[in-house]
Amino acid sequence: MEPLFDFPDYEVSHSSTTVRDPIVVFLMREGPQLSTTVTAYLCSVLGISEVAARQRVSRAKFPVKRLGIITFPRKARFLYLEQQFGSPYYWKSLRAALTENNTAYGLALTALITRGGVCLEKHFPIICGSPYRQKGHLSSEVVLERLVQAGLLKRHHHDGHDLVSIAQNEGAITASTEEMYVRLMAETALIGSVQTWLKNLNLVSFNSIRTRDDDVVPMVATYAWDITGPSYLNPLLGAKRSDGVSPGFWVCDVYLGRVGGSAAKVFLHKCQTFRALRKVAPTMQMIVADHYTPVAFQLLKRGGVLAATVKTLFGAGTAEALKRAAVALGNSLQGSADVEGFTSVLRQLEEQQSELGNVRGIFFEILVRDVVKANSSGSPQAQIGFLAKNKKDDEAEVDVLVVSPGKGIRFIETKAFNPNHTLPDAEVERWLEHNIPTVFRYSQNHPEWKKEQLSFEFWSTAPLSEEALSKVDTFRTKNARRYNVVVRQKNEILSEFRETRNKKLVLILKNHFLKRP
């Protein structure tokens, strides 16, 4: 076999006879390998014992190198020749060694590659299969740090969001950042539907359910999930406490894509290590995906996991609407809102008398983005879902951000609620007490924004209560010297849409956001 790399003949002296080092020969021919593989090779070609072979491997010197950051089961190390470091084959061999040996690092890489090679950093603890902290297990934080140090993953920043992606591509990254955002928006709609399903069936405590879109990643014990909620179903109840009944839990992860055998093993590893925890109440573990391969479904079924698809939970119509919504969202992120696609999805859902989480809210954000751009002079930059992050646990998302250098910056909060019911006061209070102060702090530390005129706007299709409007007036007066505070309700929003002179935009607003059902 021809060697994979063209290196000089490294030689060692043995019993006064000069011979080529068999470890170097093997690594030249086969590429980077685990020390256990090299040990087995020495045993077979030299006829020496395993102990002797291990000692020889452990004493190997230049040009043999060892990856020091990451260790493998049975204390194995990843060996390579100095000149192989950083080559495409080096990364391919390292990734294969991690995944084939079912390491925590390999599980994390598999989960990330399944999602196109990129994810939000805040979602990494959910998808990677490792706990935050648990005795005898690598934490999700350690897994991420070591994969970054080893050069397999990288951190980067985009639109206010912290991302993690595969550093050495080689086909592992199949999704762009924009495609990731589209999937996350569609998954947000799906999470909303699953959340409603759990509540309507009384599977979880109605007001205690948490999702990954909340400020804090939902946790049960040491593990993070997309959806969590305490459950008072009799089979899930924990031991009785002096102050009452101890609930069990319902946990769920979602992924709008194809779950294969490797991805199923990552989720199963997470479930099985979670079950090994002591003093944790009974927990129902669930995963919702677009579809599963037969192998994946059987693995999850045998593993005691509730594996559902969008179709089995909500019907073929909703599943089809979600797929069409994802296409429309993808089209809209690339340019103007896909009004026809939005209209088709909303009409289908209304005909089926079906809801799809917060898909209406996501559509409304994109429509408002286009309306504001159309009505603004010049060519402002406008985007949805910008995250203003000051430090850990001090962040707020801006639904629509409009930047017009020299003319001001607009931070728009949108609420596509039922126009026949008053918007809950809590929605306005959170905007006033959390979102505005957080985003303002961010803007004051931004080199290009701190001198701009700032405007905080609240666009709601549902009417605000008199009490909420009074709080807005008080807040506006108090902060008048720092920024503008604007509230737009039904009539003002309709006027903004009409100003664009775009009949399609006006019709979708009137028929699907302001129309009385």
# chains A, B, ... in the order shown; residues from 1 in each chain; ligands from 1

$ select_by_dssp --residues "region 212-351 of chain A" --states "strand (DSSP E)" --output "VMD selection string"
chain A and resid 219 to 220 223 to 224 227 to 231 248 to 259 283 to 292 306 to 309

$ residues_around --residues "region 483-495 of chain A" --least-positions-apart "2" --cutoff "9 Å" --atoms "only C-alpha atoms" --output "number ranges by chain"
A: 368, 419, 440, 453-464, 469, 472-473, 475-477, 479-481, 497-499, 506, 509-510, 514

$ residues_around --residues "Lys504 (chain A)" --least-positions-apart "2" --cutoff "12 Å" --atoms "only C-alpha atoms" --output "PyMOL selection string"
chain A and resi 337-343+367+371+497-498+500-502+506-512

$ select_by_dssp --residues "region 365-517 of chain A" --states "helix (DSSP H, G or I)" --output "count of residues only"
64

$ atom_distance --atom1 "CA of Asp21 (chain A)" --atom2 "CA of Ala53 (chain A)"
12.8 Å

$ residues_around --residues "Asp253 (chain A)" --least-positions-apart "3" --cutoff "9 Å" --atoms "only C-alpha atoms" --output "list in words"
Ile126, Ile127, Ile191, Trp225, Asp226, Ile227, Phe267, Gln285, Met286, Ile287, Val288 and Ala289 of chain A

$ residues_around --residues "region 107-119 of chain A" --least-positions-apart "2" --cutoff "7 Å" --atoms "only C-alpha atoms" --output "list in words"
Thr99, Asn102, Thr103, Ala104, Tyr105, Glu121, His123, Phe124, Ile127, Cys128, Gly129, Leu163, Val164, Ser165, Ile166, Ala172, Ile173, Thr174, Ala175, Ser262, Ala263 and Val266 of chain A

$ write_last_selection --atoms "N, CA, C and O atoms" --output "short mmCIF file (atom, residue, chain, number, x, y, z; two decimals), in the first residue's frame"
data_model
loop_
_atom_site.label_atom_id
_atom_site.label_comp_id
_atom_site.auth_asym_id
_atom_site.auth_seq_id
_atom_site.Cartn_x
_atom_site.Cartn_y
_atom_site.Cartn_z
N THR A 99 -16.31 9.71 17.14
CA THR A 99 -17.69 9.23 16.95
C THR A 99 -17.79 7.71 17.03
O THR A 99 -18.74 7.18 17.60
N ASN A 102 -17.96 6.31 20.58
CA ASN A 102 -19.08 6.76 21.42
C ASN A 102 -18.63 7.63 22.59
O ASN A 102 -19.11 7.51 23.72
N THR A 103 -17.67 8.50 22.33
CA THR A 103 -17.24 9.44 23.36
C THR A 103 -18.24 10.58 23.48
O THR A 103 -19.04 10.83 22.57
N ALA A 104 -18.19 11.30 24.59
CA ALA A 104 -19.05 12.47 24.75
C ALA A 104 -18.76 13.50 23.66
O ALA A 104 -19.67 14.19 23.17
N TYR A 105 -17.50 13.59 23.25
CA TYR A 105 -17.13 14.51 22.18
C TYR A 105 -17.74 14.07 20.86
O TYR A 105 -18.23 14.89 20.08
N GLU A 121 -25.16 28.69 20.50
CA GLU A 121 -24.37 28.18 21.62
C GLU A 121 -25.27 27.85 22.81
O GLU A 121 -25.01 26.88 23.53
N HIS A 123 -28.04 26.49 22.73
CA HIS A 123 -28.69 25.21 22.47
C HIS A 123 -27.73 24.03 22.56
O HIS A 123 -28.17 22.88 22.57
N PHE A 124 -26.43 24.30 22.60
CA PHE A 124 -25.45 23.21 22.62
C PHE A 124 -25.66 22.25 23.80
O PHE A 124 -25.61 21.03 23.61
N ILE A 127 -28.51 19.78 22.84
CA ILE A 127 -28.35 18.80 21.76
C ILE A 127 -27.18 17.84 21.97
O ILE A 127 -27.17 16.75 21.40
N CYS A 128 -26.16 18.23 22.78
CA CYS A 128 -24.90 17.48 22.80
C CYS A 128 -24.97 16.14 23.53
O CYS A 128 -24.10 15.29 23.37
N GLY A 129 -25.99 15.95 24.37
CA GLY A 129 -26.13 14.68 25.08
C GLY A 129 -25.43 14.62 26.42
O GLY A 129 -25.52 13.61 27.12
N LEU A 163 -22.82 31.61 18.20
CA LEU A 163 -22.99 30.36 17.46
C LEU A 163 -21.81 29.43 17.70
O LEU A 163 -20.70 29.86 18.04
N VAL A 164 -22.06 28.15 17.48
CA VAL A 164 -21.02 27.11 17.50
C VAL A 164 -21.14 26.35 16.19
O VAL A 164 -22.25 25.99 15.77
N SER A 165 -20.01 26.10 15.54
CA SER A 165 -20.06 25.35 14.29
C SER A 165 -18.83 24.47 14.14
O SER A 165 -17.84 24.62 14.85
N ILE A 166 -18.91 23.54 13.19
CA ILE A 166 -17.79 22.67 12.88
C ILE A 166 -16.67 23.53 12.29
O ILE A 166 -16.89 24.28 11.34
N ALA A 172 -19.07 18.62 6.54
CA ALA A 172 -19.86 18.48 7.78
C ALA A 172 -20.87 19.60 7.93
O ALA A 172 -21.91 19.43 8.55
N ILE A 173 -20.53 20.79 7.40
CA ILE A 173 -21.48 21.91 7.44
C ILE A 173 -22.29 21.90 6.17
O ILE A 173 -21.78 22.16 5.08
N THR A 174 -23.54 21.57 6.29
CA THR A 174 -24.42 21.51 5.13
C THR A 174 -25.47 22.60 5.16
O THR A 174 -26.21 22.78 4.21
N ALA A 175 -25.56 23.33 6.28
CA ALA A 175 -26.56 24.39 6.41
C ALA A 175 -25.88 25.73 6.64
O ALA A 175 -24.90 25.82 7.38
N SER A 262 -27.54 7.43 14.18
CA SER A 262 -26.53 8.12 14.97
C SER A 262 -27.15 9.21 15.85
O SER A 262 -26.82 9.34 17.03
N ALA A 263 -28.08 9.97 15.27
CA ALA A 263 -28.74 11.03 16.04
C ALA A 263 -29.60 10.44 17.15
O ALA A 263 -29.68 10.99 18.26
N VAL A 266 -27.53 9.62 20.18
CA VAL A 266 -27.19 10.78 21.00
C VAL A 266 -28.31 11.07 22.00
O VAL A 266 -28.06 11.26 23.19
#

$ residues_around --residues "region 244-248 of chain A" --least-positions-apart "2" --cutoff "12 Å" --atoms "only C-alpha atoms" --output "PDB file with C-alpha atoms, in the first residue's frame"
ATOM      1  CA  LEU A 203     -49.887  16.153  30.851  1.00  0.00           C
ATOM      2  CA  VAL A 204     -48.002  18.972  32.578  1.00  0.00           C
ATOM      3  CA  SER A 205     -48.780  21.697  35.067  1.00  0.00           C
ATOM      4  CA  SER A 208     -45.044  25.741  34.818  1.00  0.00           C
ATOM      5  CA  VAL A 220     -34.592  18.894  34.874  1.00  0.00           C
ATOM      6  CA  ALA A 221     -31.880  17.765  37.279  1.00  0.00           C
ATOM      7  CA  THR A 228     -39.892  20.722  30.337  1.00  0.00           C
ATOM      8  CA  GLY A 229     -42.830  20.679  32.697  1.00  0.00           C
ATOM      9  CA  PRO A 230     -43.783  19.146  36.044  1.00  0.00           C
ATOM     10  CA  SER A 231     -46.405  16.423  35.658  1.00  0.00           C
ATOM     11  CA  TYR A 232     -49.014  15.225  38.155  1.00  0.00           C
ATOM     12  CA  LEU A 233     -49.996  12.138  36.162  1.00  0.00           C
ATOM     13  CA  ASN A 234     -50.191   9.286  38.646  1.00  0.00           C
ATOM     14  CA  PRO A 235     -47.466   7.071  37.047  1.00  0.00           C
ATOM     15  CA  LEU A 236     -45.051  10.018  37.146  1.00  0.00           C
ATOM     16  CA  LEU A 237     -45.587  11.122  40.747  1.00  0.00           C
ATOM     17  CA  GLY A 238     -42.539  11.070  42.983  1.00  0.00           C
ATOM     18  CA  ALA A 239     -42.368  10.251  46.677  1.00  0.00           C
ATOM     19  CA  LYS A 240     -44.853  12.083  48.884  1.00  0.00           C
ATOM     20  CA  ARG A 241     -43.444  15.058  50.749  1.00  0.00           C
ATOM     21  CA  SER A 242     -44.581  16.538  54.027  1.00  0.00           C
ATOM     22  CA  TRP A 250     -42.289  15.554  31.133  1.00  0.00           C
ATOM     23  CA  VAL A 251     -39.282  16.447  28.968  1.00  0.00           C
ATOM     24  CA  LYS A 279     -33.453  11.050  43.639  1.00  0.00           C
ATOM     25  CA  VAL A 280     -35.045  12.243  40.403  1.00  0.00           C
ATOM     26  CA  ALA A 281     -38.808  11.816  40.104  1.00  0.00           C
ATOM     27  CA  PRO A 282     -40.148   9.603  37.276  1.00  0.00           C
ATOM     28  CA  THR A 283     -39.794  11.407  33.950  1.00  0.00           C
ATOM     29  CA  MET A 284     -41.413  10.860  30.558  1.00  0.00           C
ATOM     30  CA  GLN A 285     -38.857  11.442  27.792  1.00  0.00           C
TER      31      GLN A 285
END

$ residues_around --residues "region 398-407 of chain A" --least-positions-apart "2" --cutoff "6 Å" --atoms "only C-alpha atoms" --output "list in words"
Pro380, Gln381, Ala382, Gln383, Ile384, Gly385, Phe386, Ile409, Arg410, Phe411, Ile412 and Glu413 of chain A

$ closest_residue --among "A:Thr39, A:Ser44, A:Leu34, A:Gly315" --to "Pro73 (chain A)" --atoms "only C-alpha atoms"
A:Leu34

$ atom_distance --atom1 "CA of His446 (chain A)" --atom2 "CA of His434 (chain A)"
18.6 Å

$ decode --residues "region 304-319 of chain A" --atoms "all heavy atoms" --output "CSV table (one decimal), in the first residue's frame"
chain,number,residue,atom,x,y,z
A,304,GLY,N,-37.3,3.0,25.3
A,304,GLY,CA,-38.3,3.5,26.2
A,304,GLY,C,-38.6,5.0,26.0
A,304,GLY,O,-39.1,5.7,26.9
A,305,VAL,N,-38.3,5.5,24.8
A,305,VAL,CA,-38.6,6.9,24.5
A,305,VAL,C,-39.8,7.1,23.7
A,305,VAL,O,-40.1,6.2,22.8
A,305,VAL,CB,-37.4,7.5,23.7
A,305,VAL,CG1,-37.7,8.9,23.2
A,305,VAL,CG2,-36.2,7.6,24.6
A,306,LEU,N,-40.6,8.1,23.9
A,306,LEU,CA,-41.8,8.4,23.1
A,306,LEU,C,-41.3,9.2,21.9
A,306,LEU,O,-41.0,10.4,22.0
A,306,LEU,CB,-42.8,9.2,23.9
A,306,LEU,CG,-44.1,9.7,23.2
A,306,LEU,CD1,-44.8,8.5,22.7
A,306,LEU,CD2,-45.0,10.5,24.2
A,307,ALA,N,-41.3,8.5,20.8
A,307,ALA,CA,-40.8,9.1,19.5
A,307,ALA,C,-42.0,9.5,18.7
A,307,ALA,O,-42.7,8.6,18.2
A,307,ALA,CB,-39.9,8.2,18.8
A,308,ALA,N,-42.2,10.8,18.5
A,308,ALA,CA,-43.4,11.3,17.7
A,308,ALA,C,-43.0,12.1,16.5
A,308,ALA,O,-41.8,12.6,16.5
A,308,ALA,CB,-44.3,12.1,18.6
A,309,THR,N,-43.8,12.2,15.5
A,309,THR,CA,-43.6,13.1,14.4
A,309,THR,C,-44.7,14.2,14.4
A,309,THR,O,-45.7,14.0,15.2
A,309,THR,CB,-43.7,12.3,13.0
A,309,THR,OG1,-45.0,11.8,12.9
A,309,THR,CG2,-42.7,11.2,13.0
A,310,VAL,N,-44.4,15.2,13.7
A,310,VAL,CA,-45.4,16.3,13.6
A,310,VAL,C,-46.8,15.7,13.1
A,310,VAL,O,-47.8,16.0,13.6
A,310,VAL,CB,-44.9,17.4,12.7
A,310,VAL,CG1,-46.0,18.5,12.6
A,310,VAL,CG2,-43.6,17.9,13.1
A,311,LYS,N,-46.7,14.8,12.1
A,311,LYS,CA,-47.9,14.2,11.6
A,311,LYS,C,-48.7,13.4,12.6
A,311,LYS,O,-49.9,13.5,12.7
A,311,LYS,CB,-47.5,13.3,10.4
A,311,LYS,CG,-48.7,12.7,9.6
A,311,LYS,CD,-48.2,11.9,8.4
A,311,LYS,CE,-49.4,11.3,7.7
A,311,LYS,NZ,-48.9,10.5,6.5
A,312,THR,N,-48.0,12.5,13.4
A,312,THR,CA,-48.7,11.7,14.3
A,312,THR,C,-49.3,12.5,15.4
A,312,THR,O,-50.3,12.1,16.0
A,312,THR,CB,-47.7,10.6,14.9
A,312,THR,OG1,-46.6,11.3,15.5
A,312,THR,CG2,-47.3,9.7,13.8
A,313,LEU,N,-48.7,13.6,15.8
A,313,LEU,CA,-49.2,14.5,16.9
A,313,LEU,C,-50.3,15.4,16.4
A,313,LEU,O,-51.3,15.5,17.1
A,313,LEU,CB,-48.1,15.3,17.5
A,313,LEU,CG,-47.2,14.7,18.5
A,313,LEU,CD1,-46.2,15.8,19.0
A,313,LEU,CD2,-47.9,14.1,19.7
A,314,PHE,N,-50.2,16.0,15.3
A,314,PHE,CA,-51.1,17.1,14.9
A,314,PHE,C,-51.8,16.9,13.5
A,314,PHE,O,-52.6,17.7,13.1
A,314,PHE,CB,-50.3,18.4,14.8
A,314,PHE,CG,-49.6,18.7,16.1
A,314,PHE,CD1,-48.2,18.7,16.1
A,314,PHE,CD2,-50.2,19.0,17.2
A,314,PHE,CE1,-47.5,19.0,17.2
A,314,PHE,CE2,-49.5,19.3,18.4
A,314,PHE,CZ,-48.2,19.3,18.4
A,315,GLY,N,-51.5,15.7,12.9
A,315,GLY,CA,-52.2,15.4,11.6
A,315,GLY,C,-51.4,15.8,10.4
A,315,GLY,O,-50.5,16.7,10.5
A,316,ALA,N,-51.8,15.3,9.3
A,316,ALA,CA,-51.0,15.5,8.0
A,316,ALA,C,-51.1,16.9,7.6
A,316,ALA,O,-50.2,17.5,7.0
A,316,ALA,CB,-51.6,14.6,6.9
A,317,GLY,N,-52.3,17.6,7.8
A,317,GLY,CA,-52.5,19.0,7.4
A,317,GLY,C,-51.5,19.9,8.1
A,317,GLY,O,-50.9,20.8,7.4
A,318,THR,N,-51.4,19.8,9.4
A,318,THR,CA,-50.5,20.6,10.1
A,318,THR,C,-49.0,20.4,9.8
A,318,THR,O,-48.2,21.3,9.6
A,318,THR,CB,-50.7,20.4,11.6
A,318,THR,OG1,-52.0,20.8,12.0
A,318,THR,CG2,-49.7,21.3,12.4
A,319,ALA,N,-48.7,19.1,9.5
A,319,ALA,CA,-47.3,18.7,9.1
A,319,ALA,C,-47.0,19.4,7.8
A,319,ALA,O,-45.9,20.0,7.6
A,319,ALA,CB,-47.2,17.2,9.0
